[in-house]
Structure formats: C-alpha cells, structure tokens
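K.L.:
Below is the file work_15.csv, with CSV, C-alpha atoms.
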chain,number,residue,atom,x,y,z
A,1,MET,CA,-44.6,46.0,21.1
A,2,LYS,CA,-42.2,46.3,24.0
A,3,VAL,CA,-40.0,43.6,25.6
A,4,PHE,CA,-39.5,43.6,29.3
A,5,ALA,CA,-37.5,41.4,31.6
A,6,ILE,CA,-37.2,40.3,35.2
A,7,SER,CA,-35.8,37.2,36.7
A,8,ASP,CA,-35.2,35.2,39.9
A,9,LEU,CA,-38.7,35.6,41.3
A,10,HIS,CA,-38.2,32.6,43.6
A,11,LEU,CA,-42.0,32.2,44.1
A,12,SER,CA,-43.2,29.8,46.8
A,13,LEU,CA,-46.9,30.0,47.2
A,14,TYR,CA,-47.4,26.3,47.6
A,15,ASN,CA,-44.8,25.9,50.4
A,16,PRO,CA,-44.0,29.5,51.5
A,17,LYS,CA,-40.3,30.3,51.8
A,18,PRO,CA,-39.9,33.9,53.0
A,19,MET,CA,-37.4,35.7,50.9
A,20,ASN,CA,-37.0,38.6,53.2
A,21,ILE,CA,-34.4,36.6,55.2
A,22,PHE,CA,-32.1,37.5,52.3
A,23,GLY,CA,-32.5,41.3,52.9
A,24,PRO,CA,-34.9,44.2,52.8
A,25,ALA,CA,-35.0,44.2,49.0
A,26,TRP,CA,-37.2,41.2,49.3
A,27,GLU,CA,-39.8,42.7,51.6
A,28,GLY,CA,-43.2,42.5,49.8
A,29,TYR,CA,-41.4,42.0,46.5
A,30,GLU,CA,-44.2,40.0,44.8
A,31,GLU,CA,-46.6,42.9,45.3
A,32,LYS,CA,-44.1,45.4,44.0
A,33,ILE,CA,-43.4,43.4,40.8
A,34,ILE,CA,-47.1,43.0,40.1
A,35,GLU,CA,-47.8,46.7,40.6
A,36,ASP,CA,-45.0,47.7,38.3
A,37,TRP,CA,-46.0,45.0,35.8
A,38,LYS,CA,-49.6,46.3,35.6
A,39,ALA,CA,-48.3,49.9,35.2
A,40,LYS,CA,-46.0,49.1,32.3
A,41,VAL,CA,-47.1,46.1,30.3
A,42,SER,CA,-49.8,45.8,27.6
A,43,GLU,CA,-51.3,42.7,26.2
A,44,ASP,CA,-49.2,43.0,23.1
A,45,ASP,CA,-45.9,43.2,25.1
A,46,ILE,CA,-43.5,40.4,26.0
A,47,VAL,CA,-42.1,39.7,29.5
A,48,LEU,CA,-39.0,37.6,29.8
A,49,MET,CA,-38.2,35.7,33.0
A,50,ALA,CA,-34.7,34.3,33.0
A,51,GLY,CA,-34.9,31.4,35.4
A,52,ASP,CA,-35.5,30.6,39.1
A,53,PHE,CA,-39.2,31.2,38.8
A,54,SER,CA,-40.3,28.9,41.6
A,55,TRP,CA,-38.9,27.1,44.7
A,56,ALA,CA,-41.3,24.2,44.1
A,57,MET,CA,-39.8,20.7,43.8
A,58,MET,CA,-42.6,19.2,41.8
A,59,LEU,CA,-44.2,20.6,38.6
A,60,GLU,CA,-47.8,20.5,40.0
A,61,ASP,CA,-46.7,22.5,43.1
A,62,THR,CA,-46.0,25.5,40.8
A,63,ALA,CA,-49.7,26.0,40.0
A,64,ARG,CA,-50.2,28.8,42.5
A,65,ASP,CA,-47.1,30.5,41.4
A,66,PHE,CA,-48.2,30.6,37.8
A,67,GLU,CA,-51.7,31.6,38.9
A,68,LEU,CA,-50.2,34.7,40.5
A,69,LEU,CA,-48.9,36.0,37.2
A,70,LYS,CA,-51.4,34.4,34.8
A,71,ALA,CA,-53.9,37.3,34.8
A,72,LEU,CA,-51.2,39.9,34.2
A,73,PRO,CA,-50.9,41.3,30.7
A,74,GLY,CA,-48.3,40.3,28.1
A,75,LYS,CA,-46.8,37.1,26.7
A,76,LYS,CA,-44.6,35.5,29.4
A,77,VAL,CA,-41.5,33.6,28.3
A,78,ILE,CA,-39.5,31.5,30.8
A,79,ILE,CA,-36.3,29.5,30.9
A,80,ARG,CA,-35.0,27.2,33.5
A,81,GLY,CA,-32.8,28.4,36.4
A,82,ASN,CA,-30.6,26.4,38.7
A,83,HIS,CA,-33.3,26.4,41.4
A,84,ASP,CA,-36.1,25.4,39.2
A,85,TYR,CA,-36.1,21.8,40.4
A,86,TRP,CA,-39.7,21.3,39.3
A,87,TRP,CA,-38.6,21.7,35.7
A,88,LYS,CA,-37.8,18.1,34.6
A,89,SER,CA,-39.1,17.6,31.1
A,90,ILE,CA,-39.8,20.5,28.6
A,91,SER,CA,-42.7,18.6,27.2
A,92,ALA,CA,-44.3,18.3,30.6
A,93,VAL,CA,-43.6,21.9,31.4
A,94,ARG,CA,-45.2,23.1,28.2
A,95,LYS,CA,-48.3,20.9,28.8
A,96,PHE,CA,-48.7,22.2,32.3
A,97,ILE,CA,-48.1,26.0,32.2
A,98,PRO,CA,-51.1,28.3,31.7
A,99,GLN,CA,-52.1,29.9,28.4
A,100,GLY,CA,-49.9,33.0,27.8
A,101,PHE,CA,-46.8,31.4,29.1
A,102,TYR,CA,-44.1,30.0,26.8
A,103,ALA,CA,-41.2,27.8,27.9
A,104,ILE,CA,-37.9,27.8,26.1
A,105,GLN,CA,-35.2,25.1,26.4
A,106,ASN,CA,-32.4,25.1,23.9
A,107,ASP,CA,-34.8,26.2,21.2
A,108,ALA,CA,-36.4,29.5,20.0
A,109,ILE,CA,-39.8,31.2,19.6
A,110,LYS,CA,-40.9,34.1,17.3
A,111,PHE,CA,-43.3,36.9,18.1
A,112,ASP,CA,-43.7,39.2,15.0
A,113,ASN,CA,-40.1,40.3,14.4
A,114,ILE,CA,-38.8,39.3,17.8
A,115,ILE,CA,-37.0,36.0,18.2
A,116,ILE,CA,-36.4,34.7,21.7
A,117,CYS,CA,-34.0,31.9,22.5
A,118,GLY,CA,-32.5,30.6,25.7
A,119,THR,CA,-30.7,28.1,27.9
A,120,ARG,CA,-29.6,27.9,31.5
A,121,GLY,CA,-25.9,28.3,31.1
A,122,TRP,CA,-23.4,27.6,33.9
A,123,MET,CA,-21.3,29.7,36.3
A,124,LEU,CA,-17.9,30.7,35.0
A,125,GLN,CA,-14.8,31.0,37.2
A,126,ASP,CA,-12.4,34.0,37.2
A,127,LYS,CA,-9.5,31.5,37.3
A,128,ALA,CA,-9.4,28.3,35.2
A,129,GLU,CA,-7.8,26.4,38.0
A,130,ASN,CA,-11.0,26.9,40.1
A,131,MET,CA,-13.0,24.8,37.7
A,132,THR,CA,-13.6,21.3,38.9
A,133,PRO,CA,-13.8,18.4,36.4
A,134,GLU,CA,-17.5,18.0,37.1
A,135,ASN,CA,-18.2,21.7,36.6
A,136,GLU,CA,-16.2,21.7,33.4
A,137,LYS,CA,-18.3,18.8,32.1
A,138,ILE,CA,-21.5,20.7,32.8
A,139,LEU,CA,-20.1,23.9,31.3
A,140,ASN,CA,-19.2,22.1,28.1
A,141,ARG,CA,-22.7,20.7,27.9
A,142,GLU,CA,-24.2,24.1,28.4
A,143,ILE,CA,-22.0,25.6,25.7
A,144,LEU,CA,-23.4,23.1,23.2
A,145,ARG,CA,-26.9,23.9,24.4
A,146,LEU,CA,-26.4,27.6,23.8
A,147,GLU,CA,-25.3,26.9,20.3
A,148,MET,CA,-28.4,24.7,19.7
A,149,THR,CA,-30.7,27.5,20.8
A,150,LEU,CA,-28.8,30.1,18.7
A,151,GLN,CA,-29.0,27.8,15.7
A,152,GLN,CA,-32.8,27.5,16.1
A,153,ALA,CA,-33.1,31.3,16.4
A,154,THR,CA,-31.1,31.8,13.3
A,155,LYS,CA,-33.4,29.5,11.4
A,156,LEU,CA,-36.3,31.7,12.4
A,157,LYS,CA,-34.5,34.9,11.3
A,158,THR,CA,-35.8,35.3,7.7
A,159,SER,CA,-34.6,38.9,7.3
A,160,GLU,CA,-32.5,41.6,9.0
A,161,ASP,CA,-35.6,43.1,10.4
A,162,TYR,CA,-35.7,40.4,13.1
A,163,LYS,CA,-34.1,40.9,16.5
A,164,ILE,CA,-32.7,38.0,18.4
A,165,ILE,CA,-32.9,38.1,22.2
A,166,CYS,CA,-30.9,35.5,24.1
A,167,MET,CA,-32.0,34.5,27.6
A,168,MET,CA,-29.6,32.8,30.0
A,169,HIS,CA,-29.9,32.2,33.7
A,170,PHE,CA,-26.3,32.2,34.6
A,171,PRO,CA,-24.1,35.2,33.6
A,172,PRO,CA,-22.5,34.5,30.2
A,173,ASN,CA,-19.1,35.7,31.5
A,174,ASN,CA,-17.2,35.8,34.7
A,175,THR,CA,-17.1,38.6,37.3
A,176,LYS,CA,-14.4,40.4,35.3
A,177,ARG,CA,-16.7,40.2,32.3
A,178,GLU,CA,-14.0,38.6,30.2
A,179,ASP,CA,-14.7,36.9,26.9
A,180,SER,CA,-16.0,33.3,27.2
A,181,ALA,CA,-17.3,30.5,25.0
A,182,PHE,CA,-20.8,31.8,25.7
A,183,THR,CA,-20.0,35.4,24.6
A,184,GLN,CA,-18.2,34.1,21.5
A,185,LEU,CA,-21.2,32.2,20.4
A,186,ILE,CA,-23.5,35.2,21.1
A,187,LYS,CA,-21.3,37.3,18.9
A,188,LYS,CA,-21.0,34.6,16.2
A,189,TYR,CA,-24.8,34.3,15.8
A,190,ASN,CA,-25.4,38.0,15.8
A,191,VAL,CA,-27.5,38.3,18.9
A,192,ASP,CA,-29.1,41.7,19.4
A,193,VAL,CA,-29.7,41.6,23.2
A,194,VAL,CA,-28.7,39.3,26.1
A,195,VAL,CA,-30.8,38.9,29.3
A,196,PHE,CA,-29.6,37.0,32.3
A,197,GLY,CA,-30.1,36.7,36.1
A,198,HIS,CA,-28.8,34.5,38.9
A,199,LEU,CA,-26.8,37.3,40.6
A,200,HIS,CA,-28.1,38.5,44.0
A,201,GLY,CA,-27.1,41.0,46.7
A,202,TYR,CA,-24.6,42.9,44.5
A,203,ARG,CA,-24.4,46.7,44.9
A,204,ASN,CA,-22.7,49.2,42.7
A,205,ILE,CA,-22.8,46.8,39.9
A,206,SER,CA,-23.7,47.9,36.3
A,207,LEU,CA,-27.0,46.3,35.4
A,208,LYS,CA,-26.4,47.0,31.7
A,209,TYR,CA,-23.2,46.7,29.9
A,210,PHE,CA,-21.9,46.2,26.3
A,211,LYS,CA,-19.7,43.4,24.9
A,212,ASP,CA,-18.9,43.3,21.2
A,213,ASP,CA,-21.5,46.2,20.9
A,214,ILE,CA,-24.2,43.8,22.2
A,215,PRO,CA,-26.2,45.0,25.3
A,216,TYR,CA,-26.2,42.6,28.3
A,217,TYR,CA,-28.9,43.1,30.9
A,218,ILE,CA,-28.9,41.7,34.5
A,219,THR,CA,-32.5,41.4,35.6
A,220,SER,CA,-32.5,39.7,39.0
A,221,CYS,CA,-35.5,41.2,40.7
A,222,ASP,CA,-33.8,42.3,43.9
A,223,LEU,CA,-31.1,44.1,41.8
A,224,VAL,CA,-33.6,45.9,39.6
A,225,GLU,CA,-35.7,47.0,42.6
A,226,ASN,CA,-38.5,44.6,41.7
A,227,LYS,CA,-39.3,46.5,38.6
A,228,LEU,CA,-39.5,45.2,35.0
A,229,VAL,CA,-36.6,46.3,32.8
A,230,GLU,CA,-37.5,47.5,29.3
A,231,ILE,CA,-35.2,45.7,26.9
A,232,CYS,CA,-36.4,47.0,23.5
A,233,GLU,CA,-39.4,48.2,21.5
A,234,VAL,CA,-40.3,47.3,18.0
Written as structure tokens, that's how I'd like the structure from this file.

P.N.:
Amino acid sequence: MKVFAISDLHLSLYNPKPMNIFGPAWEGYEEKIIEDWKAKVSEDDIVLMAGDFSWAMMLEDTARDFELLKALPGKKVIIRGNHDYWWKSISAVRKFIPQGFYAIQNDAIKFDNIIICGTRGWMLQDKAENMTPENEKILNREILRLEMTLQQATKLKTSEDYKIICMMHFPPNNTKREDSAFTQLIKKYNVDVVVFGHLHGYRNISLKYFKDDIPYYITSCDLVENKLVEICEV
C-alpha cells in the first residue's frame, strides 16, 4: 500500500473559477492531476488532500467536484482548508461525501498500519509582533485542535509498526522553518510524516524538508507540477 498526497485543488465545477489567472501552472491542471493519479494509484492506495478542495460556498455545490474524483482509484482522505467555505459541520460533510472519501477534523482514521490525523492549522508569522490579537486567538485554538487529533492518532497506535501521518493545511512553521507550537506537538506525539499545503507561487522552495528527523512535505498542486507525491509505502 502506497500513500500519496496532493492539496489545494481549488475545484469549481459548479460555478467555474478559472485558476489559470494565477499563472501557467494552472493551465489544464485538473486533467494533469487525473492523468497522473490514474498512472500511479491502485485501489489499495491512499491519497491525502490537505485542504482547499473546492471553491464552493455550500456543501451541496461540491457535488460535481467530488464526482470528478470519485471514480479514481484509492481511498481519498481530506481535511479542511481556509477556502473550504462549504465545510461547516463535520457530520454533514461525512454524510454528504461519496463512498471512498474520508473526512478528518481533529480526529484520526486507521487503514491497516497507517494512521492519518489532521487539522487546518493557522498561518504563523516570522515576527511575533506581526501577530494580531484575533490571529493569536485563532492560532491558540488550532494548537489545541492539533493536540486533539494527535491524541486520537496515538490511541489508534497499538504497536510500533503503525505509522502516523499528520495532515495540516497551513504550514506548521513560519517561512524560516523555525520551531513552533505545532512542530513541538508533532515531535511530542512521534509523528512519522507531515503533509501540508496552502503555499502557492513559490519557486526554488524545498518541497520536502526534515525537522526533528521528521519529513515534512509541501503538496500544493501548482508547486508539485500537478502530480501526486508519494509519501510512503507499507
């Protein structure tokens, strides 16, 4: 079983929002993702999507976006991004999404010996003085949510053979990749792999790096050339 990841698909089949206005990397990107997905993924594999799945404002308006990926192979695991305005209630999301999709929100799910957990996170500043009181309030809430999801993952880890993969939408550290409350929790709970997105338009940026010997993967689709990134194989 292989685990792949790609994030920030920003689908908009219900009310089309052309993404190519953001640059040539977005030209025909949906078709490129689907072609690569079919070439790499088997039914037993897992595909992680770390937020910003759809531009839709209402849950029912995501139907065509989910339909686009429903027939593709693999188990599809999603978390909420900052632009997933349609994602209101996790119970409503889980009831609505097609078979083969799994939604995570501050909890965890297990496939064989792979445990996947996740939460949205929040943007970190390079300088503490740039953090507004409102942003600090949201950040503190997201730190608590990350610990909740990691605690749930730990409960599912019944032996050392299990791998914990943590999905976040926002980067878990700032642009300098300094330590943060997020990375401290990730280290504390012995996470094996971290996957996140949110970043766009960057060039000459390392898409995989290590912190505390833990691999961190950036998987925003425009940065990974609209190709799924293989995270691990078990």

K.L.:
Give me the residues within 6 Å of Asp8 of chain A as a list in words, counting only C-alpha atoms and dropping any in the same chain fewer than 4 places off.

P.N.:
Gly51, Asp52, Phe53 and Ser220 of chain A

K.L.:
Could you write out the selected residues, including C-alpha atoms, as a PDB file, keeping the file's coordinate frame?

P.N.:
ATOM      1  CA  GLY A  51     -34.900  31.400  35.400  1.00  0.00           C
ATOM      2  CA  ASP A  52     -35.500  30.600  39.100  1.00  0.00           C
ATOM      3  CA  PHE A  53     -39.200  31.200  38.800  1.00  0.00           C
ATOM      4  CA  SER A 220     -32.500  39.700  39.000  1.00  0.00           C
TER       5      SER A 220
END

K.L.:
Could you give me, as JSON lines, a per-residue list for segment 16-81 of chain A showing, wherever an atom lies at most 6 Å from an atom of segment 222-233 of chain A, the closest pair of atoms and their distance in Å to one decimal, using all atoms listed in the file and sorting by chain then residue number from low to high?

P.N.:
{"residue": "A:Ala25", "atom": "CA", "partner": "A:Asp222", "partner_atom": "CA", "distance": 5.6}
{"residue": "A:Ile33", "atom": "CA", "partner": "A:Asn226", "partner_atom": "CA", "distance": 5.1}
{"residue": "A:Asp36", "atom": "CA", "partner": "A:Lys227", "partner_atom": "CA", "distance": 5.8}

K.L.:
For the selection just defined, write its residues with C-alpha atoms to a file, as a CSV table (one decimal), in the frame of the given file.

P.N.:
chain,number,residue,atom,x,y,z
A,25,ALA,CA,-35.0,44.2,49.0
A,33,ILE,CA,-43.4,43.4,40.8
A,36,ASP,CA,-45.0,47.7,38.3

K.L.:
Please measure the separation of atom CA of Cys221 of chain A and atom CA of Ile6 of chain A, giving the value in Å to one decimal.

P.N.:
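Separation of atom CA of Cys221 of chain A and atom CA of Ile6 of chain A: 5.8 Å.
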
K.L.:
Please compute the atom CA of Ser42 of chain A-atom CA of Leu11 of chain A distance, one decimal, in Å.

P.N.:
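Going from atom CA of Ser42 of chain A over to atom CA of Leu11 of chain A covers 22.8 Å.
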
K.L.:
How many Å lie between atom CA of Pro98 of chain A and atom CA of Gly81 of chain A, rounded to one decimal?

P.N.:
18.9 Å

K.L.:
Do a neighbour search on Asp84 of chain A at 12 Å with all atoms listed in the file, toss out local chain neighbours closer than 6 positions, and write the hits as a list of chain:residue names.

P.N.:
A:Asp8, A:Leu9, A:His10, A:Leu11, A:Ser12, A:Ala50, A:Gly51, A:Asp52, A:Phe53, A:Ser54, A:Trp55, A:Ala56, A:Met57, A:Met58, A:Leu59, A:Asp61, A:Thr62, A:Ile78, A:Val93, A:Arg120, A:His169, A:His198

K.L.:
Tell me which of A:Ala103, A:Leu68, A:Ile97, A:Val47 sits closest to Glu30 of chain A, counting all atoms listed in the file.

P.N.:
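Answer, going by the shortest atom-to-atom distance: A:Leu68.
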
K.L.:
For a quick check of understanding, using all atoms listed in the file, which of A:Tyr29, A:Trp122, A:Phe196, A:Phe66 has the smallest distance to Tyr102 of chain A?

P.N.:
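Between A:Tyr29, A:Trp122, A:Phe196, A:Phe66, the residue approaching Tyr102 of chain A most closely is A:Phe66.
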
K.L.:
Using all atoms listed in the file, what table do you get, as a tab-separated table, when you list each residue of segment 56-157 of chain A with an atom no more than 12 Å from segment 175-180 of chain A, its nearest pair of atoms, and their distance in Å rounded to one decimal, rows by chain then rising number?

P.N.:
residue	atom	partner	partner_atom	distance
A:Gly121	CA	A:Ser180	CA	11.8
A:Trp122	CA	A:Ser180	CA	11.5
A:Met123	CA	A:Thr175	CA	9.9
A:Leu124	CA	A:Thr175	CA	8.3
A:Gln125	CA	A:Thr175	CA	7.9
A:Asp126	CA	A:Thr175	CA	6.6
A:Lys127	CA	A:Lys176	CA	10.4
A:Ala128	CA	A:Ser180	CA	11.5
A:Leu139	CA	A:Ser180	CA	11.0
A:Asn140	CA	A:Ser180	CA	11.7
A:Ile143	CA	A:Ser180	CA	9.9

K.L.:
For each of A:Phe101, A:Phe4, A:Tyr217, A:Trp87, take the minimum atom-to-atom distance to Pro172 of chain A, counting only C-alpha atoms, then give the residue where this is smallest.

P.N.:
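Closest candidate: A:Tyr217.
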
K.L.:
Between A:Met1, A:Trp86, A:Gly23, A:Phe96, single out the one closest to Gly74 of chain A, counting only C-alpha atoms.

P.N.:
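Of A:Met1, A:Trp86, A:Gly23, A:Phe96, the one nearest Gly74 of chain A, counting only C-alpha atoms, is A:Met1.
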
K.L.:
Using all atoms listed in the file, which of A:Met19, A:Leu156, A:Cys166, A:Leu69 sits nearest Gln105 of chain A?

P.N.:
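The answer is A:Cys166, which sits nearest to Gln105 of chain A.
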
K.L.:
So, with all atoms listed in the file as the atoms that count, which of A:Val234, A:Met167, A:Val195, A:Ala181 lies closest to Pro215 of chain A?

P.N.:
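Among the listed residues, A:Val195 lies closest to Pro215 of chain A.
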
K.L.:
First collect every listed atom of segment 135-144 of chain A; then fit an axis-aligned box around them, widen it by 3 Å on each side, and give centre and edge lengths in Å to one decimal, as AutoDock Vina command-line options.

P.N.:
--center_x -20.2 --center_y 22.2 --center_z 29.9 --size_x 14.0 --size_y 12.8 --size_z 19.4

K.L.:
Can you tell me which residues surround Glu160 of chain A at a distance of at most 12 Å, considering only C-alpha atoms, apart from same-chain residues fewer than 5 positions away, and format the answer as a count of residues only?

P.N.:
7

K.L.:
I'd like the neighbourhood of Leu72 of chain A as a ChimeraX atom specification, where a residue qualifies if any of its atoms comes within 9 Å (using only C-alpha atoms), though same-chain residues fewer than 4 positions away should be ignored.

P.N.:
/A:34,37-38,41-43,68

K.L.:
Kindly output segment 16-34 of chain A as a CSV table (one decimal), in the coordinates of the input, after building N, CA, C and O atoms.

P.N.:
chain,number,residue,atom,x,y,z
A,16,PRO,N,-44.6,28.2,51.4
A,16,PRO,CA,-44.0,29.5,51.5
A,16,PRO,C,-42.5,29.4,52.1
A,16,PRO,O,-42.3,28.8,53.1
A,17,LYS,N,-41.7,30.1,51.4
A,17,LYS,CA,-40.3,30.3,51.8
A,17,LYS,C,-40.0,31.8,51.8
A,17,LYS,O,-39.7,32.4,50.8
A,18,PRO,N,-40.1,32.4,53.0
A,18,PRO,CA,-39.9,33.9,53.0
A,18,PRO,C,-38.6,34.3,52.5
A,18,PRO,O,-37.5,33.9,52.9
A,19,MET,N,-38.6,35.2,51.5
A,19,MET,CA,-37.4,35.7,50.9
A,19,MET,C,-36.8,36.9,51.6
A,19,MET,O,-35.6,37.2,51.4
A,20,ASN,N,-37.5,37.5,52.5
A,20,ASN,CA,-37.0,38.6,53.2
A,20,ASN,C,-35.8,38.3,54.2
A,20,ASN,O,-35.2,39.2,54.7
A,21,ILE,N,-35.6,37.0,54.4
A,21,ILE,CA,-34.4,36.6,55.2
A,21,ILE,C,-33.1,36.9,54.4
A,21,ILE,O,-32.1,37.0,55.0
A,22,PHE,N,-33.3,37.2,53.1
A,22,PHE,CA,-32.1,37.5,52.3
A,22,PHE,C,-31.9,39.0,52.2
A,22,PHE,O,-31.0,39.5,51.5
A,23,GLY,N,-32.7,39.8,52.9
A,23,GLY,CA,-32.5,41.3,52.9
A,23,GLY,C,-33.7,42.1,52.7
A,23,GLY,O,-34.7,41.5,52.2
A,24,PRO,N,-33.7,43.4,52.9
A,24,PRO,CA,-34.9,44.2,52.8
A,24,PRO,C,-35.4,44.4,51.4
A,24,PRO,O,-36.5,44.7,51.2
A,25,ALA,N,-34.5,44.1,50.4
A,25,ALA,CA,-35.0,44.2,49.0
A,25,ALA,C,-36.1,43.2,48.7
A,25,ALA,O,-36.9,43.4,47.7
A,26,TRP,N,-36.2,42.2,49.5
A,26,TRP,CA,-37.2,41.2,49.3
A,26,TRP,C,-38.5,41.4,50.1
A,26,TRP,O,-39.5,40.6,50.0
A,27,GLU,N,-38.6,42.4,50.8
A,27,GLU,CA,-39.8,42.7,51.6
A,27,GLU,C,-41.0,43.1,50.6
A,27,GLU,O,-40.9,44.0,49.9
A,28,GLY,N,-42.0,42.2,50.6
A,28,GLY,CA,-43.2,42.5,49.8
A,28,GLY,C,-42.9,42.6,48.3
A,28,GLY,O,-43.5,43.3,47.5
A,29,TYR,N,-41.8,41.8,47.9
A,29,TYR,CA,-41.4,42.0,46.5
A,29,TYR,C,-42.4,41.5,45.5
A,29,TYR,O,-42.5,42.1,44.4
A,30,GLU,N,-43.2,40.5,45.8
A,30,GLU,CA,-44.2,40.0,44.8
A,30,GLU,C,-45.2,41.1,44.5
A,30,GLU,O,-45.5,41.3,43.3
A,31,GLU,N,-45.6,41.8,45.5
A,31,GLU,CA,-46.6,42.9,45.3
A,31,GLU,C,-46.0,44.0,44.5
A,31,GLU,O,-46.7,44.6,43.6
A,32,LYS,N,-44.7,44.3,44.7
A,32,LYS,CA,-44.1,45.4,44.0
A,32,LYS,C,-43.9,45.0,42.5
A,32,LYS,O,-44.1,45.9,41.6
A,33,ILE,N,-43.6,43.8,42.2
A,33,ILE,CA,-43.4,43.4,40.8
A,33,ILE,C,-44.8,43.4,40.1
A,33,ILE,O,-44.8,43.9,39.0
A,34,ILE,N,-45.8,42.9,40.8
A,34,ILE,CA,-47.1,43.0,40.1
A,34,ILE,C,-47.6,44.4,39.9
A,34,ILE,O,-48.2,44.7,38.8
